[in-house]
>>> print(open('start11.cif').read())   # mmCIF, C-alpha atoms
data_work
#
loop_
_atom_site.label_atom_id
_atom_site.label_comp_id
_atom_site.auth_asym_id
_atom_site.auth_seq_id
_atom_site.Cartn_x
_atom_site.Cartn_y
_atom_site.Cartn_z
CA MET A 1 -220.63 -238.40 -49.56
CA ASP A 2 -220.99 -239.48 -53.22
CA ARG A 3 -218.11 -240.62 -55.36
CA THR A 4 -218.06 -237.41 -57.46
CA ARG A 5 -217.52 -235.18 -54.45
CA ILE A 6 -214.78 -237.49 -53.09
CA ALA A 7 -212.99 -237.43 -56.44
CA ARG A 8 -213.09 -233.64 -56.59
CA LEU A 9 -211.77 -233.39 -53.01
CA GLY A 10 -208.90 -235.76 -53.89
CA GLN A 11 -207.98 -233.65 -56.90
CA LYS A 12 -207.82 -230.52 -54.74
CA CYS A 13 -205.56 -232.23 -52.19
CA LEU A 14 -203.28 -233.43 -54.95
CA ILE A 15 -203.02 -229.91 -56.34
CA LEU A 16 -202.19 -228.52 -52.87
CA VAL A 17 -199.46 -231.12 -52.36
CA CYS A 18 -197.94 -230.31 -55.75
CA LEU A 19 -197.99 -226.59 -54.96
CA PHE A 20 -196.32 -227.22 -51.59
CA LEU A 21 -193.59 -229.31 -53.13
CA THR A 22 -192.95 -226.74 -55.86
CA ILE A 23 -192.71 -223.84 -53.38
CA ASN A 24 -190.49 -225.84 -51.05
CA SER A 25 -188.22 -226.79 -53.94
CA CYS A 26 -187.87 -223.11 -54.95
CA LYS A 27 -186.94 -222.16 -51.41
CA LYS A 28 -184.20 -224.80 -51.36
CA GLU A 29 -182.85 -223.45 -54.61
CA GLU A 30 -182.78 -219.94 -53.09
CA ARG A 31 -180.89 -221.23 -50.08
CA GLU A 32 -178.24 -222.93 -52.19
CA PRO A 33 -177.02 -220.40 -54.80
CA VAL A 34 -174.52 -221.54 -57.41
CA GLU A 35 -170.98 -220.52 -56.48
CA THR A 36 -168.97 -218.54 -59.05
CA VAL A 37 -165.15 -218.36 -59.03
CA SER A 38 -163.48 -215.20 -60.37
CA VAL A 39 -159.83 -215.30 -61.44
CA LEU A 40 -157.92 -212.05 -60.88
CA GLU A 41 -155.36 -211.23 -63.52
CA PRO A 42 -152.08 -209.84 -62.09
CA ALA A 43 -151.75 -206.07 -62.49
CA GLU A 44 -149.47 -204.99 -65.29
CA LEU A 45 -146.39 -203.23 -63.90
CA TYR A 46 -144.29 -200.93 -66.04
CA GLU A 47 -140.96 -199.24 -65.21
CA PHE A 48 -138.09 -197.92 -67.33
CA GLY A 49 -140.31 -198.50 -70.38
CA PHE A 50 -140.49 -202.29 -69.75
CA LYS A 51 -143.39 -204.50 -68.70
CA LEU A 52 -141.93 -205.98 -65.52
CA ASN A 53 -144.41 -208.89 -65.50
CA ASP A 54 -142.47 -210.41 -68.40
CA TYR A 55 -139.25 -210.70 -66.38
CA ILE A 56 -137.75 -211.84 -63.10
CA VAL A 57 -136.72 -208.47 -61.60
CA LYS A 58 -133.59 -208.30 -59.44
CA ARG A 59 -132.64 -205.04 -57.71
CA ASP A 60 -129.46 -204.10 -55.85
CA THR A 61 -127.00 -201.25 -55.34
CA ILE A 62 -123.43 -200.83 -56.54
CA ARG A 63 -121.13 -201.96 -53.75
CA LYS A 64 -117.47 -201.24 -53.10
CA GLY A 65 -115.38 -203.29 -55.51
CA ASP A 66 -118.29 -203.91 -57.88
CA SER A 67 -117.87 -203.47 -61.61
CA PHE A 68 -120.22 -203.97 -64.52
CA GLY A 69 -118.40 -207.16 -65.48
CA GLU A 70 -118.41 -208.64 -61.98
CA ILE A 71 -122.13 -208.00 -61.57
CA LEU A 72 -122.97 -209.82 -64.81
CA GLN A 73 -120.52 -212.63 -64.07
CA ARG A 74 -122.29 -213.24 -60.75
CA HIS A 75 -125.42 -213.83 -62.84
CA GLU A 76 -123.86 -216.39 -65.19
CA ILE A 77 -122.94 -214.10 -68.11
CA ASP A 78 -119.61 -215.21 -69.58
CA TYR A 79 -116.70 -212.83 -70.01
CA SER A 80 -116.75 -212.81 -73.83
CA LYS A 81 -120.39 -211.65 -73.79
CA ILE A 82 -119.58 -208.96 -71.21
CA PHE A 83 -116.69 -207.69 -73.36
CA GLN A 84 -118.99 -207.58 -76.39
CA ILE A 85 -121.62 -205.59 -74.45
CA ALA A 86 -119.03 -203.12 -73.14
CA GLN A 87 -117.54 -202.56 -76.60
CA GLN A 88 -120.85 -201.98 -78.37
CA THR A 89 -122.21 -199.55 -75.76
CA LYS A 90 -119.06 -197.55 -74.90
CA ASP A 91 -120.07 -194.58 -77.10
CA THR A 92 -123.33 -194.25 -75.14
CA PHE A 93 -122.28 -195.09 -71.58
CA ASP A 94 -118.93 -195.69 -69.92
CA ILE A 95 -119.43 -198.73 -67.68
CA ARG A 96 -116.51 -197.53 -65.50
CA ARG A 97 -118.69 -194.66 -64.25
CA LEU A 98 -120.76 -196.85 -61.91
CA GLN A 99 -120.82 -195.18 -58.47
CA VAL A 100 -120.97 -196.96 -55.11
CA GLY A 101 -124.40 -196.71 -53.52
CA LYS A 102 -126.32 -196.11 -56.75
CA PRO A 103 -129.14 -198.58 -57.51
CA TYR A 104 -129.32 -200.92 -60.47
CA THR A 105 -131.92 -203.35 -61.81
CA LEU A 106 -131.46 -206.60 -63.74
CA LEU A 107 -134.33 -207.81 -65.92
CA CYS A 108 -133.93 -211.59 -66.20
CA SER A 109 -135.72 -214.23 -68.25
CA ASN A 110 -138.95 -215.41 -66.64
CA ASP A 111 -137.94 -219.07 -66.44
CA SER A 112 -135.80 -221.40 -64.38
CA LEU A 113 -132.56 -220.08 -65.92
CA GLN A 114 -133.26 -216.43 -64.97
CA GLN A 115 -130.73 -215.28 -67.56
CA PRO A 116 -130.07 -211.46 -67.42
CA LYS A 117 -131.45 -209.65 -70.46
CA CYS A 118 -131.10 -206.01 -69.49
CA PHE A 119 -129.03 -203.94 -67.03
CA ILE A 120 -130.49 -200.62 -65.81
CA TYR A 121 -128.34 -198.18 -63.81
CA GLN A 122 -129.75 -195.14 -61.94
CA PRO A 123 -127.19 -192.33 -61.40
CA THR A 124 -130.00 -190.16 -59.96
CA LYS A 125 -133.56 -190.76 -58.78
CA ALA A 126 -134.93 -189.52 -62.08
CA ASP A 127 -132.24 -190.47 -64.63
CA TYR A 128 -131.41 -194.00 -65.73
CA VAL A 129 -129.24 -195.79 -68.28
CA VAL A 130 -130.49 -198.92 -70.07
CA ILE A 131 -127.98 -201.47 -71.40
CA ASN A 132 -130.16 -203.90 -73.32
CA PHE A 133 -128.67 -207.16 -74.62
CA GLN A 134 -131.70 -209.46 -74.97
CA ASP A 135 -131.97 -209.17 -78.76
CA SER A 136 -129.45 -206.73 -80.20
CA ILE A 137 -126.98 -204.95 -77.91
CA HIS A 138 -127.71 -201.26 -77.43
CA ALA A 139 -127.70 -198.62 -74.70
CA TYR A 140 -129.54 -195.36 -74.08
CA SER A 141 -130.24 -192.82 -71.35
CA SER A 142 -133.66 -191.64 -70.27
CA THR A 143 -135.53 -189.90 -67.48
CA LYS A 144 -138.49 -191.08 -65.44
CA PRO A 145 -141.67 -188.98 -65.67
CA ILE A 146 -141.59 -186.15 -63.15
CA LYS A 147 -144.71 -184.65 -61.60
CA TYR A 148 -144.64 -181.13 -60.18
CA ILE A 149 -146.91 -180.37 -57.22
CA GLU A 150 -147.53 -176.85 -55.98
CA LYS A 151 -147.25 -176.32 -52.22
CA GLU A 152 -147.64 -173.41 -49.80
CA VAL A 153 -145.88 -172.67 -46.53
CA SER A 154 -145.75 -169.76 -44.12
CA GLY A 155 -144.20 -169.04 -40.77
CA VAL A 156 -143.14 -166.60 -38.09
CA ILE A 157 -139.46 -166.55 -37.12
CA GLU A 158 -138.42 -167.03 -33.50
CA SER A 159 -134.68 -167.61 -33.95
CA ASN A 160 -133.92 -168.43 -37.60
CA ILE A 161 -135.73 -169.38 -40.76
CA SER A 162 -134.37 -172.94 -40.92
CA GLU A 163 -135.86 -173.70 -37.51
CA ALA A 164 -139.21 -172.19 -38.52
CA LEU A 165 -139.31 -174.47 -41.56
CA ALA A 166 -138.06 -177.55 -39.70
CA LYS A 167 -140.90 -177.28 -37.16
CA GLN A 168 -143.29 -177.77 -40.06
CA GLY A 169 -141.29 -180.64 -41.53
CA LYS A 170 -140.15 -178.55 -44.51
CA SER A 171 -136.80 -178.80 -46.28
CA VAL A 172 -133.99 -176.45 -45.26
CA LEU A 173 -133.37 -175.99 -49.01
CA LEU A 174 -136.30 -173.57 -48.97
CA ALA A 175 -134.29 -171.35 -46.61
CA TYR A 176 -131.28 -171.45 -48.95
CA LYS A 177 -133.43 -170.60 -51.95
CA MET A 178 -135.05 -167.70 -50.09
CA SER A 179 -131.71 -166.31 -48.97
CA ASP A 180 -130.58 -166.43 -52.60
CA ILE A 181 -133.72 -164.64 -53.84
CA TYR A 182 -133.41 -161.89 -51.24
CA ALA A 183 -129.57 -161.80 -51.19
CA TRP A 184 -129.43 -158.06 -51.94
CA THR A 185 -132.60 -157.12 -50.04
CA ILE A 186 -132.48 -158.92 -46.67
CA ASP A 187 -129.51 -160.08 -44.59
CA PHE A 188 -130.60 -163.58 -43.51
CA PHE A 189 -127.92 -163.60 -40.81
CA ARG A 190 -129.63 -160.67 -39.10
CA LEU A 191 -133.28 -161.65 -39.17
CA GLN A 192 -135.47 -160.33 -36.38
CA LYS A 193 -137.83 -162.23 -34.11
CA ASN A 194 -141.40 -162.09 -35.51
CA ASP A 195 -140.20 -161.59 -39.10
CA LYS A 196 -142.71 -163.43 -41.31
CA PHE A 197 -142.66 -165.29 -44.60
CA LYS A 198 -144.99 -166.97 -47.11
CA LEU A 199 -144.01 -169.14 -50.06
CA ILE A 200 -145.62 -170.70 -53.10
CA TYR A 201 -143.26 -173.39 -54.39
CA THR A 202 -143.22 -176.66 -56.31
CA GLU A 203 -141.94 -180.09 -55.33
CA LYS A 204 -140.83 -182.84 -57.71
CA TYR A 205 -142.14 -186.40 -57.58
CA ILE A 206 -140.91 -189.31 -59.70
CA ASP A 207 -143.49 -191.88 -60.79
CA ASP A 208 -146.08 -189.83 -58.84
CA SER A 209 -144.78 -191.07 -55.47
CA ILE A 210 -141.00 -190.74 -55.03
CA TYR A 211 -140.06 -187.34 -53.56
CA ALA A 212 -137.27 -185.74 -55.60
CA GLY A 213 -136.78 -182.41 -53.85
CA ILE A 214 -137.69 -178.76 -54.28
CA ASP A 215 -138.05 -177.54 -57.86
CA ASN A 216 -138.42 -173.78 -57.50
CA ILE A 217 -140.08 -170.96 -55.60
CA LYS A 218 -142.79 -169.36 -57.72
CA ALA A 219 -143.61 -166.48 -55.40
CA ALA A 220 -142.51 -165.27 -51.98
CA TYR A 221 -143.42 -162.71 -49.34
CA PHE A 222 -141.04 -161.71 -46.58
CA GLU A 223 -141.80 -159.21 -43.83
CA HIS A 224 -138.57 -157.96 -42.27
CA ASN A 225 -138.63 -155.31 -39.51
CA GLY A 226 -142.24 -154.68 -40.43
CA GLU A 227 -141.42 -153.95 -44.09
CA PRO A 228 -142.95 -156.24 -46.76
CA PHE A 229 -140.90 -157.65 -49.66
CA TYR A 230 -142.59 -159.52 -52.51
CA ALA A 231 -140.72 -161.68 -55.02
CA PHE A 232 -142.09 -163.30 -58.18
CA GLU A 233 -140.24 -165.58 -60.59
CA PHE A 234 -140.64 -164.48 -64.21
CA GLU A 235 -139.13 -165.67 -67.49
CA THR A 236 -137.61 -162.70 -69.33
CA ASP A 237 -136.19 -164.65 -72.28
CA THR A 238 -138.16 -167.65 -73.52
CA ILE A 239 -135.51 -168.59 -76.10
CA LYS A 240 -132.61 -168.76 -73.62
CA GLY A 241 -134.88 -169.74 -70.74
CA LEU A 242 -133.68 -166.86 -68.55
CA LYS A 243 -135.64 -166.37 -65.32
CA ASP A 244 -135.24 -163.98 -62.43
CA TYR A 245 -137.10 -162.63 -59.40
CA PHE A 246 -138.80 -159.24 -59.42
CA SER A 247 -140.75 -157.14 -56.93
CA GLU A 248 -144.44 -156.31 -57.20
CA ASP A 249 -143.53 -153.14 -59.11
CA ALA A 250 -141.27 -155.03 -61.59
CA LYS A 251 -137.89 -154.15 -60.05
CA ASN A 252 -135.18 -156.80 -60.23
CA LEU A 253 -134.32 -158.12 -56.74
CA ARG A 254 -130.83 -159.19 -57.75
CA ARG A 255 -127.64 -157.37 -58.56
CA ALA A 256 -125.30 -158.28 -61.38
CA PHE A 257 -123.18 -160.07 -58.71
CA LEU A 258 -124.12 -162.49 -55.94
CA LYS A 259 -123.05 -161.36 -52.48
CA ALA A 260 -121.14 -164.59 -51.84
CA PRO A 261 -119.79 -167.42 -54.01
CA VAL A 262 -120.70 -170.16 -51.54
CA GLU A 263 -123.19 -171.21 -48.83
CA TYR A 264 -120.88 -170.24 -45.98
CA LYS A 265 -120.79 -170.68 -42.21
CA ARG A 266 -119.10 -167.33 -41.53
CA ILE A 267 -116.75 -164.76 -42.99
CA SER A 268 -113.45 -165.78 -41.43
CA SER A 269 -111.42 -162.87 -42.83
CA ARG A 270 -112.47 -159.70 -44.63
CA TYR A 271 -110.72 -157.48 -47.17
CA ASN A 272 -108.19 -155.53 -45.08
CA LEU A 273 -105.15 -153.66 -46.44
CA ASN A 274 -103.87 -152.99 -42.90
CA ARG A 275 -104.09 -156.51 -41.52
CA ARG A 276 -101.30 -157.47 -39.10
CA ILE A 277 -100.38 -161.11 -38.48
CA ALA A 278 -98.62 -162.21 -35.26
CA LEU A 279 -97.06 -165.20 -37.06
CA TYR A 280 -95.09 -162.74 -39.24
CA GLY A 281 -93.90 -160.53 -36.35
CA ASN A 282 -97.13 -158.47 -36.30
CA ARG A 283 -96.16 -156.94 -39.63
CA VAL A 284 -98.72 -155.56 -42.05
CA ARG A 285 -99.78 -158.23 -44.54
CA PRO A 286 -102.65 -156.87 -46.66
CA HIS A 287 -105.52 -159.27 -47.32
CA LYS A 288 -107.10 -158.38 -50.64
CA GLY A 289 -109.82 -161.02 -50.54
CA THR A 290 -112.81 -162.08 -48.46
CA ASP A 291 -112.61 -165.53 -46.86
CA PHE A 292 -115.87 -167.50 -46.66
CA ALA A 293 -115.50 -170.49 -44.31
CA ALA A 294 -117.38 -173.60 -45.47
CA ASN A 295 -117.08 -177.38 -45.40
CA VAL A 296 -114.72 -179.14 -47.81
CA GLY A 297 -116.64 -180.06 -50.95
CA THR A 298 -119.17 -177.23 -50.71
CA PRO A 299 -119.96 -176.01 -54.27
CA ILE A 300 -118.37 -172.67 -55.28
CA ARG A 301 -120.52 -170.64 -57.67
CA ALA A 302 -119.73 -167.88 -60.14
CA THR A 303 -121.05 -164.62 -58.70
CA ALA A 304 -121.87 -163.24 -62.16
CA ASN A 305 -121.93 -164.17 -65.85
CA GLY A 306 -118.52 -164.20 -67.51
CA THR A 307 -115.70 -166.06 -69.24
CA VAL A 308 -113.10 -168.16 -67.40
CA VAL A 309 -109.66 -166.63 -68.12
CA GLU A 310 -107.60 -168.70 -65.63
CA SER A 311 -108.04 -172.18 -64.17
CA ALA A 312 -104.88 -173.51 -62.53
CA LYS A 313 -103.04 -174.65 -59.41
CA ARG A 314 -100.33 -172.24 -58.36
CA GLY A 315 -98.40 -171.43 -55.16
CA GLY A 316 -100.34 -170.06 -52.20
CA ASN A 317 -103.51 -169.77 -54.27
CA GLY A 318 -103.81 -173.53 -54.61
CA ASN A 319 -106.50 -174.53 -57.09
CA TYR A 320 -108.21 -171.38 -58.34
CA VAL A 321 -110.45 -170.02 -61.09
CA LYS A 322 -110.56 -166.45 -62.40
CA ILE A 323 -113.50 -165.04 -64.36
CA LYS A 324 -113.67 -161.90 -66.48
CA HIS A 325 -117.21 -160.53 -66.38
CA ASN A 326 -116.78 -157.46 -68.58
CA SER A 327 -114.26 -154.69 -69.22
CA THR A 328 -114.74 -153.43 -65.64
CA TYR A 329 -115.11 -156.43 -63.32
CA SER A 330 -113.25 -159.72 -62.69
CA THR A 331 -113.42 -162.22 -59.81
CA GLN A 332 -111.13 -164.95 -58.50
CA TYR A 333 -111.85 -168.02 -56.30
CA LEU A 334 -108.94 -169.58 -54.38
CA HIS A 335 -108.04 -172.77 -52.42
CA MET A 336 -110.43 -175.12 -54.25
CA SER A 337 -110.24 -178.86 -53.64
CA LYS A 338 -111.27 -179.38 -57.26
CA ARG A 339 -111.82 -177.09 -60.27
CA LYS A 340 -114.82 -177.64 -62.50
CA ALA A 341 -114.44 -174.75 -64.98
CA LYS A 342 -111.87 -174.62 -67.78
CA VAL A 343 -110.26 -171.65 -69.50
CA GLY A 344 -112.61 -170.37 -72.20
CA ASP A 345 -115.81 -171.61 -70.52
CA PHE A 346 -118.68 -169.13 -70.41
CA VAL A 347 -120.35 -169.43 -67.01
CA LYS A 348 -123.61 -167.98 -65.78
CA GLN A 349 -124.30 -166.52 -62.37
CA GLY A 350 -124.77 -169.42 -59.94
CA ASP A 351 -122.96 -172.04 -62.05
CA VAL A 352 -120.69 -174.36 -60.02
CA ILE A 353 -117.04 -173.69 -60.96
CA GLY A 354 -115.32 -175.73 -58.22
CA TYR A 355 -115.48 -176.99 -54.64
CA VAL A 356 -114.23 -175.68 -51.29
CA GLY A 357 -110.89 -177.12 -50.20
CA MET A 358 -107.61 -176.36 -48.43
CA THR A 359 -105.08 -176.18 -51.28
CA GLY A 360 -102.33 -173.55 -51.20
CA ASN A 361 -101.65 -171.46 -48.09
CA THR A 362 -104.65 -171.96 -45.82
CA SER A 363 -105.25 -173.00 -42.22
CA GLY A 364 -108.82 -174.23 -42.77
CA PRO A 365 -111.42 -174.98 -45.45
CA HIS A 366 -112.65 -171.81 -47.11
CA VAL A 367 -112.80 -169.95 -50.42
CA CYS A 368 -110.87 -166.70 -50.74
CA TYR A 369 -112.99 -164.47 -52.99
CA ARG A 370 -111.12 -161.68 -54.80
CA PHE A 371 -112.76 -158.87 -56.72
CA TRP A 372 -111.26 -156.58 -59.38
CA LYS A 373 -112.68 -153.28 -60.59
CA ASN A 374 -110.84 -151.56 -63.45
CA GLY A 375 -107.80 -153.80 -62.83
CA LYS A 376 -107.56 -153.02 -59.09
CA GLN A 377 -108.49 -155.41 -56.26
CA VAL A 378 -111.25 -153.87 -54.12
CA ASP A 379 -113.65 -154.84 -51.33
CA PRO A 380 -116.84 -156.10 -53.06
CA PHE A 381 -118.95 -155.21 -50.03
CA LYS A 382 -118.06 -151.54 -50.41
CA GLN A 383 -118.83 -151.30 -54.11
CA LYS A 384 -122.01 -149.89 -55.57
CA LEU A 385 -122.54 -152.80 -57.89
CA PRO A 386 -124.81 -152.59 -60.94
CA GLU A 387 -128.30 -154.04 -60.82
CA ALA A 388 -129.22 -157.06 -62.88
CA GLU A 389 -131.15 -156.56 -66.11
CA PRO A 390 -134.56 -154.96 -65.42
CA ILE A 391 -137.77 -156.06 -67.09
CA SER A 392 -138.08 -154.42 -70.48
CA ASP A 393 -140.93 -151.96 -71.02
CA SER A 394 -142.44 -154.35 -73.56
CA LEU A 395 -142.68 -157.12 -70.92
CA LYS A 396 -143.73 -155.01 -67.95
CA THR A 397 -147.47 -155.12 -68.75
CA GLU A 398 -147.28 -158.89 -69.24
CA TYR A 399 -145.38 -159.26 -65.96
CA LEU A 400 -147.91 -157.28 -63.91
CA LYS A 401 -150.73 -159.38 -65.37
CA PHE A 402 -148.77 -162.58 -64.65
CA ILE A 403 -148.17 -161.83 -60.95
CA LYS A 404 -151.68 -160.58 -60.15
CA PRO A 405 -153.19 -164.01 -59.26
CA LEU A 406 -149.96 -165.06 -57.48
CA LYS A 407 -150.07 -161.96 -55.27
CA ILE A 408 -153.72 -162.66 -54.38
CA GLN A 409 -152.78 -166.25 -53.55
CA LEU A 410 -149.88 -165.09 -51.35
CA ASP A 411 -152.03 -162.55 -49.52
CA ASP A 412 -154.65 -165.23 -48.77
CA ILE A 413 -152.12 -167.52 -47.03
CA ASP A 414 -152.41 -167.33 -43.24
CA PHE A 415 -149.26 -167.20 -41.14
CA ILE A 416 -148.52 -170.39 -39.17
CA LEU A 417 -147.85 -169.05 -35.68
CA PRO A 418 -145.25 -170.84 -33.53
CA ILE A 419 -146.58 -172.75 -30.50
CA GLU A 420 -144.42 -172.73 -27.40
CA GLU A 421 -143.60 -176.16 -25.98
CA ASN A 422 -145.04 -175.22 -22.60
CA GLN A 423 -148.15 -173.54 -24.05
CA ILE A 424 -151.37 -175.28 -22.90
CA LEU A 425 -154.56 -174.99 -24.91
CA ASP A 426 -157.91 -175.56 -23.14
CA ILE A 427 -160.61 -176.88 -25.46
CA GLU A 428 -164.27 -176.21 -24.70
CA LEU A 429 -167.58 -176.78 -26.46
CA ASP A 430 -169.93 -173.81 -26.61
CA GLN A 431 -173.72 -174.08 -26.61
CA ASP A 432 -173.74 -174.74 -30.36
CA ASN A 433 -171.18 -177.57 -29.92
CA GLU A 434 -168.50 -175.49 -31.67
CA ILE A 435 -164.90 -175.92 -30.49
CA THR A 436 -163.25 -172.93 -28.82
CA PHE A 437 -159.61 -172.63 -27.66
CA ASN A 438 -158.62 -170.80 -24.47
CA ASN A 439 -154.96 -169.89 -24.02
#
>>> encode(input="start11.cif", output="structure tokens")
Amino acid sequence: MDRTRIARLGQKCLILVCLFLTINSCKKEEREPVETVSVLEPAELYEFGFKLNDYIVKRDTIRKGDSFGEILQRHEIDYSKIFQIAQQTKDTFDIRRLQVGKPYTLLCSNDSLQQPKCFIYQPTKADYVVINFQDSIHAYSSTKPIKYIEKEVSGVIESNISEALAKQGKSVLLAYKMSDIYAWTIDFFRLQKNDKFKLIYTEKYIDDSIYAGIDNIKAAYFEHNGEPFYAFEFETDTIKGLKDYFSEDAKNLRRAFLKAPVEYKRISSRYNLNRRIALYGNRVRPHKGTDFAANVGTPIRATANGTVVESAKRGGNGNYVKIKHNSTYSTQYLHMSKRKAKVGDFVKQGDVIGYVGMTGNTSGPHVCYRFWKNGKQVDPFKQKLPEAEPISDSLKTEYLKFIKPLKIQLDDIDFILPIEENQILDIELDQDNEITFNN
């Protein structure tokens, strides 16, 4: 082999070696990628209008014996500063109104001292009071954002409506609200087995996640003894914000008076002019009121709009409130533990005017409800009481248009049938692998 051919062969081998080394080097680089480190920034948290990341946040509840001053003193705020804060915020919030069990939050400096800068008190889940003393001292009240979520529920009654709702994990407040809506249409103490109901209602949530209870019932359907009853909430006065419930043909479901002034357990004594009492030698002692037995502290509500003409504590009546509704009707509410309405107050139907108690001559907690017509005490259950204000002719067309989609939505809700505890369901797959249930 001549020298030229050997030289060319050597060049080719050198090229192949270089190629091999280059490829092998690339493969090593592929096997050993460069590591990258990502730093995650902490999420920004906001509450009560403050960026919580800027503070040390301390949360607690008001305990027995706590006061605004003692709480701040425990966190190294001197008495003179506390006095200054209390004086400058007293026109906005009375620091003596702190209630045991209510939560509070302290926003403290984000350093080793952790000096309190702001005190936030929550009298309710939604409402809060800010006492800010980090720069200038000032206080204000505010409300957390509330989200309203529409829900649906239906059921078939076996014993009572509360049980039907409880089996589905629903609040008993829905039963109370329904009984109020249908107070003059259906006697909820005499419901029949297999009565049915459907509801469209809204629930309240604070900060999108904290459940804050039932807001209202938008529409309802109740089938009692085979007869259907629709109810739709409708605003009849946008200026005053007046709302009421009406049937599918625009009739008001309420009367001018509620049937009862309280959520009661039972009627312990009815209006009876011929009542005889053994304690008084079986003599006739007329009872000109209706006694509704309820727990002490149960709210007592005005049964109709009117003006408070008496609010006092006197003799056998105990604490009582009397309301004049118009030139024809007046009502009186006896034996309260506490009165909430004052003489001259204008109260609306359903407003709380006091609380059930045992003041005056009474053997148990109840409210004695007395009813006057043309200056004479009468039995309210035997009166043909006036209906509440109907929908005006000018609003009727708007109302019927408003309820049309709600009625369709109600009619499309299926009834949730009760399942007996001992009921066994056999599950089978048919030839198309569809599930079938055999009772």
>>> residues_around(input="start11.cif", residues="Ile56 in chain A", least_positions_apart="4", cutoff="7 Å", atoms="all atoms listed in the file", output="PyMOL selection string")
chain A and resi 107-110+114
>>> residues_around(input="start11.cif", residues="Gly65 in chain A", least_positions_apart="2", cutoff="12 Å", atoms="all atoms listed in the file", output="list in words")
Thr61, Ile62, Arg63, Ser67, Phe68, Gly69, Glu70, Ile71, Arg96, Leu98, Gln99, Val100 and Gly101 of chain A
>>> write_last_selection(input="start11.cif", atoms="C-alpha atoms", output="mmCIF file, in the frame of the given file")
data_model
loop_
_atom_site.group_PDB
_atom_site.id
_atom_site.type_symbol
_atom_site.label_atom_id
_atom_site.label_comp_id
_atom_site.auth_asym_id
_atom_site.auth_seq_id
_atom_site.Cartn_x
_atom_site.Cartn_y
_atom_site.Cartn_z
ATOM 1 C CA THR A 61 -127.000 -201.250 -55.340
ATOM 2 C CA ILE A 62 -123.430 -200.830 -56.540
ATOM 3 C CA ARG A 63 -121.130 -201.960 -53.750
ATOM 4 C CA SER A 67 -117.870 -203.470 -61.610
ATOM 5 C CA PHE A 68 -120.220 -203.970 -64.520
ATOM 6 C CA GLY A 69 -118.400 -207.160 -65.480
ATOM 7 C CA GLU A 70 -118.410 -208.640 -61.980
ATOM 8 C CA ILE A 71 -122.130 -208.000 -61.570
ATOM 9 C CA ARG A 96 -116.510 -197.530 -65.500
ATOM 10 C CA LEU A 98 -120.760 -196.850 -61.910
ATOM 11 C CA GLN A 99 -120.820 -195.180 -58.470
ATOM 12 C CA VAL A 100 -120.970 -196.960 -55.110
ATOM 13 C CA GLY A 101 -124.400 -196.710 -53.520
#
>>> closest_residue(input="start11.cif", among="A:Gly297, A:Gly350, A:Pro286, A:Gly226", to="Pro261 in chain A", atoms="all atoms listed in the file")
A:Gly350
>>> resolve_selection(input="start11.cif", expression="the PyMOL selection byres ((chain A and resi 72) around 10)", output="PyMOL selection string")
chain A and resi 67-71+73-79+81-82+106+115-116+119
>>> atom_distance(input="start11.cif", atom1="CA of Asp291 in chain A", atom2="CA of Ser337 in chain A")
15.1 Å
>>> closest_residue(input="start11.cif", among="A:Ser268, A:Asn326, A:Lys243, A:Lys288", to="Asn374 in chain A", atoms="all atoms listed in the file")
A:Asn326
>>> closest_residue(input="start11.cif", among="A:Val378, A:Ala250, A:Ala302, A:Ala312", to="Thr290 in chain A", atoms="only C-alpha atoms")
A:Val378
>>> atom_distance(input="start11.cif", atom1="CA of Phe197 in chain A", atom2="CA of Phe402 in chain A")
21.1 Å
>>> atom_distance(input="start11.cif", atom1="CA of Phe381 in chain A", atom2="CA of Met336 in chain A")
22.1 Å
>>> residues_near_point(input="start11.cif", point="(-127.3, -162.8, -51.4)", cutoff="6 Å", atoms="all atoms listed in the file", output="list of chain:residue names")
A:Asp180, A:Ala183, A:Trp184, A:Leu258, A:Lys259
>>> resolve_selection(input="start11.cif", expression="the PyMOL selection byres ((chain A and resi 47) around 12)", output="mmCIF file with C-alpha atoms, in the frame of the given file")
data_model
loop_
_atom_site.group_PDB
_atom_site.id
_atom_site.type_symbol
_atom_site.label_atom_id
_atom_site.label_comp_id
_atom_site.auth_asym_id
_atom_site.auth_seq_id
_atom_site.Cartn_x
_atom_site.Cartn_y
_atom_site.Cartn_z
ATOM 1 C CA GLU A 44 -149.470 -204.990 -65.290
ATOM 2 C CA LEU A 45 -146.390 -203.230 -63.900
ATOM 3 C CA TYR A 46 -144.290 -200.930 -66.040
ATOM 4 C CA PHE A 48 -138.090 -197.920 -67.330
ATOM 5 C CA GLY A 49 -140.310 -198.500 -70.380
ATOM 6 C CA PHE A 50 -140.490 -202.290 -69.750
ATOM 7 C CA LYS A 51 -143.390 -204.500 -68.700
ATOM 8 C CA LEU A 52 -141.930 -205.980 -65.520
ATOM 9 C CA ASN A 53 -144.410 -208.890 -65.500
ATOM 10 C CA ASP A 54 -142.470 -210.410 -68.400
ATOM 11 C CA TYR A 55 -139.250 -210.700 -66.380
ATOM 12 C CA VAL A 57 -136.720 -208.470 -61.600
ATOM 13 C CA THR A 105 -131.920 -203.350 -61.810
ATOM 14 C CA LEU A 107 -134.330 -207.810 -65.920
ATOM 15 C CA ILE A 120 -130.490 -200.620 -65.810
ATOM 16 C CA ALA A 126 -134.930 -189.520 -62.080
ATOM 17 C CA TYR A 128 -131.410 -194.000 -65.730
ATOM 18 C CA VAL A 130 -130.490 -198.920 -70.070
ATOM 19 C CA SER A 142 -133.660 -191.640 -70.270
ATOM 20 C CA THR A 143 -135.530 -189.900 -67.480
ATOM 21 C CA LYS A 144 -138.490 -191.080 -65.440
ATOM 22 C CA PRO A 145 -141.670 -188.980 -65.670
ATOM 23 C CA ILE A 206 -140.910 -189.310 -59.700
ATOM 24 C CA ASP A 207 -143.490 -191.880 -60.790
#
